[in-house]
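Novice: Enclosed is the structure file entry07.cif (mmCIF, C-alpha atoms and all ligand atoms).
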```cif
data_final
#
loop_
_atom_site.label_atom_id
_atom_site.label_comp_id
_atom_site.auth_asym_id
_atom_site.auth_seq_id
_atom_site.Cartn_x
_atom_site.Cartn_y
_atom_site.Cartn_z
CA MET A 1 -11.30 248.12 -161.46
CA SER A 2 -9.80 246.11 -158.59
CA GLU A 3 -8.24 242.65 -158.90
CA ALA A 4 -10.45 239.58 -158.58
CA ILE A 5 -9.91 237.41 -155.52
CA ILE A 6 -10.21 233.65 -156.07
CA ARG A 7 -10.75 231.61 -152.92
CA ALA A 8 -12.47 228.65 -151.32
CA MET A 9 -15.51 229.68 -149.33
CA ASN A 10 -16.48 227.75 -146.21
CA ALA A 11 -20.00 226.38 -145.90
CA ARG A 12 -21.12 228.95 -143.34
CA GLU A 13 -20.10 231.86 -145.56
CA ALA A 14 -21.53 230.21 -148.68
CA ALA A 15 -24.83 229.79 -146.81
CA ALA A 16 -24.83 233.49 -145.97
CA ARG A 17 -24.17 234.39 -149.62
CA VAL A 18 -26.45 231.87 -151.27
CA GLU A 19 -28.49 234.64 -152.97
CA GLU A 20 -25.37 235.91 -154.77
CA LEU A 21 -24.39 232.39 -155.82
CA THR A 22 -27.93 231.95 -157.10
CA ASP A 23 -27.62 235.14 -159.16
CA VAL A 24 -24.56 233.70 -160.92
CA LEU A 25 -26.27 230.37 -161.67
CA LEU A 26 -29.42 232.07 -162.96
CA ASP A 27 -27.41 234.42 -165.17
CA CYS A 28 -25.54 231.49 -166.77
CA VAL A 29 -28.74 229.51 -167.42
CA ARG A 30 -30.52 232.59 -168.77
CA GLY A 31 -27.49 233.09 -171.00
CA GLY A 32 -28.00 229.63 -172.54
CA ALA A 33 -25.47 227.50 -170.63
CA SER A 34 -26.19 223.79 -170.27
CA VAL A 35 -25.44 223.27 -166.57
CA SER A 36 -28.15 220.76 -165.52
CA PHE A 37 -31.08 223.18 -165.64
CA MET A 38 -33.69 224.32 -168.14
CA GLY A 39 -34.26 227.92 -169.25
CA ASP A 40 -37.41 228.30 -167.16
CA MET A 41 -35.59 227.45 -163.92
CA SER A 42 -37.09 229.46 -161.09
CA ARG A 43 -35.12 231.34 -158.47
CA ASP A 44 -36.41 228.86 -155.86
CA GLU A 45 -35.02 225.96 -157.91
CA ALA A 46 -31.64 227.69 -158.15
CA LEU A 47 -31.66 228.47 -154.41
CA ALA A 48 -32.50 224.83 -153.66
CA PHE A 49 -29.51 223.71 -155.75
CA TRP A 50 -27.20 225.99 -153.76
CA ARG A 51 -28.64 225.01 -150.38
CA ASP A 52 -27.98 221.34 -151.19
CA ALA A 53 -24.47 222.18 -152.40
CA VAL A 54 -23.73 224.14 -149.23
CA ALA A 55 -25.04 221.28 -147.06
CA ASP A 56 -22.73 218.89 -148.93
CA ALA A 57 -19.79 221.30 -148.49
CA ASP A 58 -20.58 221.44 -144.77
CA ALA A 59 -20.42 217.63 -144.68
CA GLY A 60 -17.01 217.69 -146.43
CA GLY A 61 -18.38 216.46 -149.75
CA ARG A 62 -17.24 219.37 -151.90
CA ALA A 63 -15.27 222.60 -152.02
CA ILE A 64 -16.97 225.77 -153.23
CA ILE A 65 -14.63 228.24 -154.93
CA VAL A 66 -15.61 231.83 -155.69
CA ALA A 67 -14.22 234.71 -157.72
CA GLU A 68 -14.99 238.03 -156.06
CA ARG A 69 -14.42 241.56 -157.25
CA ASP A 70 -15.16 244.52 -155.02
CA GLY A 71 -16.87 242.14 -152.59
CA ARG A 72 -19.28 240.78 -155.17
CA ILE A 73 -19.30 237.15 -156.39
CA ASP A 74 -18.69 237.13 -160.15
CA GLY A 75 -17.96 233.42 -160.60
CA THR A 76 -17.83 230.06 -158.89
CA ALA A 77 -16.74 226.44 -159.37
CA GLN A 78 -16.87 223.29 -157.29
CA ALA A 79 -14.64 220.28 -156.67
CA VAL A 80 -16.94 217.42 -155.66
CA PHE A 81 -15.20 214.63 -153.77
CA VAL A 82 -16.47 211.28 -155.04
CA ARG A 83 -17.77 209.16 -152.15
CA THR A 84 -17.61 205.75 -153.85
CA PRO A 85 -15.29 203.59 -151.68
CA ASN A 86 -13.16 202.42 -154.61
CA GLN A 87 -12.51 205.97 -155.92
CA PRO A 88 -10.97 207.79 -152.95
CA HIS A 89 -8.55 209.57 -155.30
CA ARG A 90 -11.20 211.08 -157.61
CA ALA A 91 -13.05 214.41 -157.71
CA GLU A 92 -15.43 215.94 -160.23
CA LEU A 93 -15.37 219.50 -161.43
CA ALA A 94 -18.88 220.94 -161.26
CA LYS A 95 -20.79 224.17 -161.80
CA MET A 96 -18.05 226.23 -163.41
CA LEU A 97 -19.99 229.49 -163.72
CA VAL A 98 -18.89 233.04 -164.51
CA HIS A 99 -21.50 235.78 -164.63
CA ARG A 100 -21.78 237.34 -168.10
CA ARG A 101 -20.70 240.71 -166.70
CA ALA A 102 -17.28 239.26 -165.78
CA ARG A 103 -16.33 236.94 -168.64
CA ASN A 104 -13.21 236.96 -170.82
CA ARG A 105 -10.93 238.31 -168.08
CA GLY A 106 -9.39 235.05 -166.93
CA LEU A 107 -11.76 234.23 -164.05
CA GLY A 108 -12.71 230.86 -165.58
CA LEU A 109 -9.10 229.68 -165.76
CA ALA A 110 -8.37 230.99 -162.26
CA LEU A 111 -11.42 229.17 -160.86
CA LEU A 112 -10.33 225.99 -162.64
CA ARG A 113 -6.86 226.17 -161.06
CA ALA A 114 -8.36 226.83 -157.63
CA ALA A 115 -10.77 223.87 -157.94
CA GLU A 116 -7.83 221.63 -158.92
CA ASN A 117 -5.92 222.86 -155.86
CA ALA A 118 -8.94 222.20 -153.63
CA ALA A 119 -9.07 218.62 -154.95
CA ARG A 120 -5.32 218.14 -154.38
CA ALA A 121 -5.68 219.45 -150.83
CA GLN A 122 -8.10 216.58 -150.16
CA GLY A 123 -5.74 213.99 -151.65
CA ARG A 124 -7.81 213.79 -154.82
CA TRP A 125 -5.55 213.58 -157.83
CA LEU A 126 -7.85 212.49 -160.65
CA MET A 127 -10.48 214.98 -161.82
CA VAL A 128 -13.27 214.36 -164.33
CA LEU A 129 -15.88 216.59 -165.95
CA ASP A 130 -18.23 216.73 -168.89
CA THR A 131 -19.15 219.73 -171.00
CA VAL A 132 -20.88 220.70 -174.23
CA PRO A 133 -18.38 220.50 -177.15
CA GLU A 134 -17.35 223.72 -178.91
CA MET A 135 -18.68 225.95 -176.12
CA GLY A 136 -16.75 228.24 -173.76
CA GLY A 137 -16.19 225.52 -171.16
CA ASP A 138 -14.80 223.13 -173.76
CA ARG A 139 -12.16 225.69 -174.78
CA LEU A 140 -11.41 226.52 -171.15
CA TYR A 141 -10.64 222.91 -170.19
CA LEU A 142 -8.42 222.39 -173.21
CA ARG A 143 -6.52 225.57 -172.27
CA GLY A 144 -6.30 224.31 -168.71
CA GLY A 145 -4.46 221.17 -169.77
CA TRP A 146 -7.35 218.72 -169.42
CA THR A 147 -7.50 215.67 -171.71
CA PRO A 148 -10.64 215.10 -173.83
CA VAL A 149 -11.62 211.44 -174.05
CA GLY A 150 -14.69 211.38 -176.25
CA VAL A 151 -18.09 212.77 -177.10
CA ILE A 152 -21.48 211.26 -176.22
CA PRO A 153 -24.22 212.46 -178.59
CA ASN A 154 -27.67 213.51 -177.32
CA TYR A 155 -26.50 213.49 -173.71
CA ALA A 156 -28.59 216.35 -172.31
CA LEU A 157 -30.87 219.24 -173.14
CA MET A 158 -29.82 222.83 -173.61
CA PRO A 159 -31.91 225.34 -171.60
CA ASP A 160 -34.10 225.84 -174.70
CA GLY A 161 -34.85 222.11 -174.96
CA ALA A 162 -32.55 221.20 -177.87
CA LEU A 163 -30.52 218.02 -177.44
CA CYS A 164 -26.78 218.49 -177.01
CA ALA A 165 -23.73 216.28 -176.87
CA THR A 166 -21.23 216.14 -174.04
CA ARG A 167 -17.46 215.76 -174.11
CA LEU A 168 -15.75 213.95 -171.23
CA PHE A 169 -12.45 215.30 -169.89
CA TYR A 170 -10.02 214.20 -167.20
CA LYS A 171 -6.91 215.62 -165.59
CA ASP A 172 -4.27 213.76 -163.59
CA LEU A 173 -3.20 216.31 -160.99
CA ARG A 174 -0.08 214.48 -159.85
CA PRO A 175 3.31 215.86 -160.79
CA GLU A 176 4.68 214.08 -163.89
CA ARG A 177 7.41 212.29 -161.89
CA ALA A 178 4.86 210.79 -159.45
CA ARG A 179 2.69 209.04 -162.07
C1 LIG B 1 -17.03 228.85 -169.61
C2 LIG B 1 -16.87 230.03 -168.69
C3 LIG B 1 -16.83 229.53 -167.24
C4 LIG B 1 -15.56 230.77 -168.99
O1 LIG B 1 -15.40 231.81 -168.03
P1 LIG B 1 -14.47 233.08 -168.33
O2 LIG B 1 -14.23 233.76 -167.04
O3 LIG B 1 -15.00 233.88 -169.43
O4 LIG B 1 -13.13 232.32 -168.77
P2 LIG B 1 -11.74 232.98 -169.17
O5 LIG B 1 -11.82 234.46 -169.06
O6 LIG B 1 -10.67 232.27 -168.43
O7 LIG B 1 -11.61 232.55 -170.71
C5 LIG B 1 -12.63 232.90 -171.64
C6 LIG B 1 -12.01 233.54 -172.89
O8 LIG B 1 -11.47 234.82 -172.55
C7 LIG B 1 -10.13 234.90 -172.99
N1 LIG B 1 -9.44 235.79 -172.05
C8 LIG B 1 -8.98 235.48 -170.83
N2 LIG B 1 -8.42 236.58 -170.26
C9 LIG B 1 -8.57 237.58 -171.15
C10 LIG B 1 -8.20 238.94 -171.16
N3 LIG B 1 -7.57 239.50 -170.12
N4 LIG B 1 -8.51 239.68 -172.26
C11 LIG B 1 -9.14 239.13 -173.32
N5 LIG B 1 -9.51 237.83 -173.37
C12 LIG B 1 -9.22 237.08 -172.29
C13 LIG B 1 -9.64 233.47 -172.98
O9 LIG B 1 -8.54 233.27 -173.84
C14 LIG B 1 -10.87 232.73 -173.47
O10 LIG B 1 -10.97 232.80 -174.87
P3 LIG B 1 -11.72 231.60 -175.70
O11 LIG B 1 -13.10 231.40 -175.10
O12 LIG B 1 -11.77 232.12 -177.07
O13 LIG B 1 -10.88 230.38 -175.51
C15 LIG B 1 -18.02 231.06 -168.87
O14 LIG B 1 -18.14 231.39 -170.24
C16 LIG B 1 -19.36 230.57 -168.37
O15 LIG B 1 -19.67 230.67 -167.19
N6 LIG B 1 -20.18 230.01 -169.27
C17 LIG B 1 -21.51 229.56 -168.90
C18 LIG B 1 -21.46 228.36 -167.97
C19 LIG B 1 -20.74 227.20 -168.62
O16 LIG B 1 -20.97 226.85 -169.75
N7 LIG B 1 -19.86 226.56 -167.80
C20 LIG B 1 -19.13 225.39 -168.23
C21 LIG B 1 -19.96 224.21 -167.93
S1 LIG B 1 -19.00 222.71 -167.95
#
```
Have the structure of the file written as structure tokens, please.
Specialist:
Amino acid sequence: MSEAIIRAMNAREAAARVEELTDVLLDCVRGGASVSFMGDMSRDEALAFWRDAVADADAGGRAIIVAERDGRIDGTAQAVFVRTPNQPHRAELAKMLVHRRARNRGLGLALLRAAENAARAQGRWLMVLDTVPEMGGDRLYLRGGWTPVGVIPNYALMPDGALCATRLFYKDLRPERAR
């Protein structure tokens, strides 16, 4: 098996590969991940999410990172650049998704690092995310050096409709000496 390639994808290319990105999102939701959508999400709904994300990337609002193996997209993550005027230094990590066929090989951590680098490249040095406690993402962010700051109960629904909590995390991306 060849090595995975982790890279930022420009908006034009992401638009051309929106079906593949949709496959990854649908696989994660079908697999029970709480990533904004319910289990009965249609392909059209998933495509609409990606078309909006690509339009925002085209406008400079986010970076879309992909993990590819043998030319196929196996995973993706986004760094969303917060537009609020008083938070020009902040970005959010969003839609960290690895297809079930490609998990447990380090793609999640590599995507996380690449999303952090994409934020840094835009001068964004504070990243924030939320994730369901005790799930794969939770472990990934702890391994990636993110700081958990608390849990909010009953925050969202799992794809099957059950309420779930969320844990907030942040990471200061500046070198230690610059803080
Ligand atoms: C969370 C998620 C992105 C992790 O992706 P991944 O590619 O499997 O992540 P990694 O491979 O870096 O790490 C996953 C596990 O594999 C292990 N691993 C990494 N490389 C490995 C290797 N070469 N051999 C064996 N295990 C390995 C890691 O230690 C980790 O173990 P842990 O879960 O017990 O801590 C993925 O499970 C996913 O897409 N889930 C559904 C969507 C989701 O919940 N996203 C987060 C929303 S905030």
Novice: Please identify all protein, DNA and RNA residues within 9 Å of ligand LIG 1 (chain B), counting all atoms listed in the file, and report them as number ranges by chain.
Specialist: A: 24-25, 27-29, 31-35, 74-77, 93-100, 102-112, 129-132, 135-143
Novice: Find the distance between atom CA of Trp50 of chain A and atom CA of Ala14 of chain A and write it in Å to one decimal.
Specialist: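 Atom CA of Ala14 of chain A lies at a distance of 8.7 Å from atom CA of Trp50 of chain A.
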Novice: What is the atom CA of Phe81 of chain A-atom CA of Ala59 of chain A distance in Å, reported with one decimal?
Specialist: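 Taking atom CA of Phe81 of chain A and atom CA of Ala59 of chain A, their separation equals 10.9 Å.
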Novice: Counting all atoms listed in the file, which residue out of A:Ala8, A:Leu126, A:Met1, A:Val151 sits closest to Arg62 of chain A?
Specialist: A:Ala8
Novice: Mind pulling up the distance from atom CA of Ala115 of chain A to atom CA of Leu21 of chain A?
Specialist: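 These atoms are spaced 16.2 Å apart.
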Novice: Please list as an mmCIF file with C-alpha atoms, in the frame of the given file every residue within 10 Å of Ala11 of chain A, counting all atoms listed in the file and excluding residues in the same chain fewer than 6 positions away.
Specialist:
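Printed below is selection.cif as written:
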```cif
data_model
loop_
_atom_site.group_PDB
_atom_site.id
_atom_site.type_symbol
_atom_site.label_atom_id
_atom_site.label_comp_id
_atom_site.auth_asym_id
_atom_site.auth_seq_id
_atom_site.Cartn_x
_atom_site.Cartn_y
_atom_site.Cartn_z
ATOM 1 C CA ARG A 17 -24.170 234.390 -149.620
ATOM 2 C CA ARG A 51 -28.640 225.010 -150.380
ATOM 3 C CA ALA A 53 -24.470 222.180 -152.400
ATOM 4 C CA VAL A 54 -23.730 224.140 -149.230
ATOM 5 C CA ALA A 55 -25.040 221.280 -147.060
ATOM 6 C CA ASP A 56 -22.730 218.890 -148.930
ATOM 7 C CA ALA A 57 -19.790 221.300 -148.490
ATOM 8 C CA ASP A 58 -20.580 221.440 -144.770
ATOM 9 C CA ALA A 59 -20.420 217.630 -144.680
ATOM 10 C CA GLY A 60 -17.010 217.690 -146.430
ATOM 11 C CA ARG A 62 -17.240 219.370 -151.900
ATOM 12 C CA ALA A 63 -15.270 222.600 -152.020
ATOM 13 C CA ILE A 64 -16.970 225.770 -153.230
#
```
Novice: So which residues touch Pro133 of chain A within 7 Å, counting all atoms listed in the file, skipping near sequence neighbours fewer than 5 positions away, as a list in words?
Specialist: Asp138, Ala165, Thr166 and Arg167 of chain A
Novice: For the residues in the current selection, export C-alpha atoms as an mmCIF file, in the coordinates of the input.
Specialist:
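Written output follows (part28.cif):
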```
data_model
loop_
_atom_site.group_PDB
_atom_site.id
_atom_site.type_symbol
_atom_site.label_atom_id
_atom_site.label_comp_id
_atom_site.auth_asym_id
_atom_site.auth_seq_id
_atom_site.Cartn_x
_atom_site.Cartn_y
_atom_site.Cartn_z
ATOM 1 C CA ASP A 138 -14.800 223.130 -173.760
ATOM 2 C CA ALA A 165 -23.730 216.280 -176.870
ATOM 3 C CA THR A 166 -21.230 216.140 -174.040
ATOM 4 C CA ARG A 167 -17.460 215.760 -174.110
#
```
Novice: Between A:Met38, A:Asp23, A:Gly161, A:Glu134, single out the one closest to Arg101 of chain A, counting all atoms listed in the file.
Specialist: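 Under the stated criterion, the closest residue is A:Asp23.
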Novice: Quick one: of A:Gln122, A:Ser2, A:Ser42, A:Ser36, who's nearest to Glu68 of chain A, counting all atoms listed in the file?
Specialist: A:Ser2
Novice: With distances taken over all atoms listed in the file, which residue among A:Glu116, A:Ile6, A:Phe37, A:Leu47 lies nearest Val18 of chain A?
Specialist: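 Residue with the minimum atom-to-atom distance to Val18 of chain A: A:Leu47.
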Novice: Could you list, as a list in words, every residue within 8 Å of Val149 of chain A, counting all atoms listed in the file and ignoring same-chain residues fewer than 4 positions away?
Specialist: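 Within the cut-off, the hits are Arg167, Leu168, Phe169 and Tyr170 of chain A.
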Novice: How about saving the chosen residues, C-alpha atoms kept, as a compact mmCIF listing (two decimals), in the frame of the given file?
Specialist:
```txt
# COMPACT_ATOMS: atom_id res chain seq x y z
CA ARG A 167 -17.46 215.76 -174.11
CA LEU A 168 -15.75 213.95 -171.23
CA PHE A 169 -12.45 215.30 -169.89
CA TYR A 170 -10.02 214.20 -167.20
```
Novice: Name the closest residue to Ala91 of chain A among the candidates A:Ala121, A:Ala178, A:Val128, A:Ile152; distances are taken between atoms, counting all atoms listed in the file.
Specialist: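 Result for the nearest residue to Ala91 of chain A: A:Val128.
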Novice: Would you kindly place N, CA and C atoms on segment 84-113 of chain A and return the model as a PDB file, keeping the file's coordinate frame?
Specialist:
```pdb
ATOM      1  N   THR A  84     -17.682 207.190-153.591  1.00  0.00           N
ATOM      2  CA  THR A  84     -17.610 205.750-153.850  1.00  0.00           C
ATOM      3  C   THR A  84     -16.332 205.180-153.210  1.00  0.00           C
ATOM      4  N   PRO A  85     -16.458 204.096-152.424  1.00  0.00           N
ATOM      5  CA  PRO A  85     -15.290 203.590-151.680  1.00  0.00           C
ATOM      6  C   PRO A  85     -14.084 203.250-152.546  1.00  0.00           C
ATOM      7  N   ASN A  86     -14.321 202.822-153.796  1.00  0.00           N
ATOM      8  CA  ASN A  86     -13.160 202.420-154.610  1.00  0.00           C
ATOM      9  C   ASN A  86     -12.598 203.585-155.453  1.00  0.00           C
ATOM     10  N   GLN A  87     -13.050 204.823-155.169  1.00  0.00           N
ATOM     11  CA  GLN A  87     -12.510 205.970-155.920  1.00  0.00           C
ATOM     12  C   GLN A  87     -12.100 207.105-154.962  1.00  0.00           C
ATOM     13  N   PRO A  88     -11.311 206.765-153.951  1.00  0.00           N
ATOM     14  CA  PRO A  88     -10.970 207.790-152.950  1.00  0.00           C
ATOM     15  C   PRO A  88     -10.037 208.862-153.495  1.00  0.00           C
ATOM     16  N   HIS A  89      -9.507 208.641-154.694  1.00  0.00           N
ATOM     17  CA  HIS A  89      -8.550 209.570-155.300  1.00  0.00           C
ATOM     18  C   HIS A  89      -9.219 210.494-156.320  1.00  0.00           C
ATOM     19  N   ARG A  90     -10.552 210.381-156.494  1.00  0.00           N
ATOM     20  CA  ARG A  90     -11.200 211.080-157.610  1.00  0.00           C
ATOM     21  C   ARG A  90     -12.095 212.216-157.129  1.00  0.00           C
ATOM     22  N   ALA A  91     -12.128 213.286-157.951  1.00  0.00           N
ATOM     23  CA  ALA A  91     -13.050 214.410-157.710  1.00  0.00           C
ATOM     24  C   ALA A  91     -13.649 214.813-159.055  1.00  0.00           C
ATOM     25  N   GLU A  92     -14.806 215.444-159.000  1.00  0.00           N
ATOM     26  CA  GLU A  92     -15.430 215.940-160.230  1.00  0.00           C
ATOM     27  C   GLU A  92     -15.465 217.456-160.192  1.00  0.00           C
ATOM     28  N   LEU A  93     -15.218 218.049-161.334  1.00  0.00           N
ATOM     29  CA  LEU A  93     -15.370 219.500-161.430  1.00  0.00           C
ATOM     30  C   LEU A  93     -16.827 219.781-161.780  1.00  0.00           C
ATOM     31  N   ALA A  94     -17.459 220.680-161.032  1.00  0.00           N
ATOM     32  CA  ALA A  94     -18.880 220.940-161.260  1.00  0.00           C
ATOM     33  C   ALA A  94     -19.182 222.431-161.183  1.00  0.00           C
ATOM     34  N   LYS A  95     -20.237 222.806-161.863  1.00  0.00           N
ATOM     35  CA  LYS A  95     -20.790 224.170-161.800  1.00  0.00           C
ATOM     36  C   LYS A  95     -19.704 225.240-161.914  1.00  0.00           C
ATOM     37  N   MET A  96     -18.989 225.160-163.035  1.00  0.00           N
ATOM     38  CA  MET A  96     -18.050 226.230-163.410  1.00  0.00           C
ATOM     39  C   MET A  96     -18.891 227.343-164.027  1.00  0.00           C
ATOM     40  N   LEU A  97     -19.043 228.441-163.321  1.00  0.00           N
ATOM     41  CA  LEU A  97     -19.990 229.490-163.720  1.00  0.00           C
ATOM     42  C   LEU A  97     -19.370 230.868-163.544  1.00  0.00           C
ATOM     43  N   VAL A  98     -19.334 231.636-164.611  1.00  0.00           N
ATOM     44  CA  VAL A  98     -18.890 233.040-164.510  1.00  0.00           C
ATOM     45  C   VAL A  98     -20.028 233.910-165.030  1.00  0.00           C
ATOM     46  N   HIS A  99     -20.426 234.861-164.237  1.00  0.00           N
ATOM     47  CA  HIS A  99     -21.500 235.780-164.630  1.00  0.00           C
ATOM     48  C   HIS A  99     -21.097 236.476-165.934  1.00  0.00           C
ATOM     49  N   ARG A 100     -22.087 236.734-166.797  1.00  0.00           N
ATOM     50  CA  ARG A 100     -21.780 237.340-168.100  1.00  0.00           C
ATOM     51  C   ARG A 100     -21.075 238.682-167.970  1.00  0.00           C
ATOM     52  N   ARG A 101     -21.333 239.392-166.862  1.00  0.00           N
ATOM     53  CA  ARG A 101     -20.700 240.710-166.700  1.00  0.00           C
ATOM     54  C   ARG A 101     -19.183 240.606-166.489  1.00  0.00           C
ATOM     55  N   ALA A 102     -18.687 239.393-166.179  1.00  0.00           N
ATOM     56  CA  ALA A 102     -17.280 239.260-165.780  1.00  0.00           C
ATOM     57  C   ALA A 102     -16.480 238.307-166.666  1.00  0.00           C
ATOM     58  N   ARG A 103     -17.020 237.938-167.800  1.00  0.00           N
ATOM     59  CA  ARG A 103     -16.330 236.940-168.640  1.00  0.00           C
ATOM     60  C   ARG A 103     -15.170 237.531-169.427  1.00  0.00           C
ATOM     61  N   ASN A 104     -14.331 236.610-169.932  1.00  0.00           N
ATOM     62  CA  ASN A 104     -13.210 236.960-170.820  1.00  0.00           C
ATOM     63  C   ASN A 104     -12.155 237.829-170.138  1.00  0.00           C
ATOM     64  N   ARG A 105     -11.987 237.592-168.836  1.00  0.00           N
ATOM     65  CA  ARG A 105     -10.930 238.310-168.080  1.00  0.00           C
ATOM     66  C   ARG A 105     -10.069 237.335-167.308  1.00  0.00           C
ATOM     67  N   GLY A 106     -10.247 236.036-167.581  1.00  0.00           N
ATOM     68  CA  GLY A 106      -9.390 235.050-166.930  1.00  0.00           C
ATOM     69  C   GLY A 106      -9.967 234.426-165.665  1.00  0.00           C
ATOM     70  N   LEU A 107     -11.195 234.803-165.287  1.00  0.00           N
ATOM     71  CA  LEU A 107     -11.760 234.230-164.050  1.00  0.00           C
ATOM     72  C   LEU A 107     -11.980 232.719-164.197  1.00  0.00           C
ATOM     73  N   GLY A 108     -12.438 232.279-165.385  1.00  0.00           N
ATOM     74  CA  GLY A 108     -12.710 230.860-165.580  1.00  0.00           C
ATOM     75  C   GLY A 108     -11.454 230.027-165.336  1.00  0.00           C
ATOM     76  N   LEU A 109     -10.347 230.437-165.935  1.00  0.00           N
ATOM     77  CA  LEU A 109      -9.100 229.680-165.760  1.00  0.00           C
ATOM     78  C   LEU A 109      -8.635 229.720-164.297  1.00  0.00           C
ATOM     79  N   ALA A 110      -8.780 230.871-163.667  1.00  0.00           N
ATOM     80  CA  ALA A 110      -8.370 230.990-162.260  1.00  0.00           C
ATOM     81  C   ALA A 110      -9.238 230.105-161.360  1.00  0.00           C
ATOM     82  N   LEU A 111     -10.531 230.043-161.634  1.00  0.00           N
ATOM     83  CA  LEU A 111     -11.420 229.170-160.860  1.00  0.00           C
ATOM     84  C   LEU A 111     -11.060 227.701-161.069  1.00  0.00           C
ATOM     85  N   LEU A 112     -10.712 227.370-162.321  1.00  0.00           N
ATOM     86  CA  LEU A 112     -10.330 225.990-162.640  1.00  0.00           C
ATOM     87  C   LEU A 112      -9.091 225.586-161.828  1.00  0.00           C
ATOM     88  N   ARG A 113      -8.085 226.446-161.826  1.00  0.00           N
ATOM     89  CA  ARG A 113      -6.860 226.170-161.060  1.00  0.00           C
ATOM     90  C   ARG A 113      -7.173 226.003-159.577  1.00  0.00           C
TER      91      ARG A 113
END
```
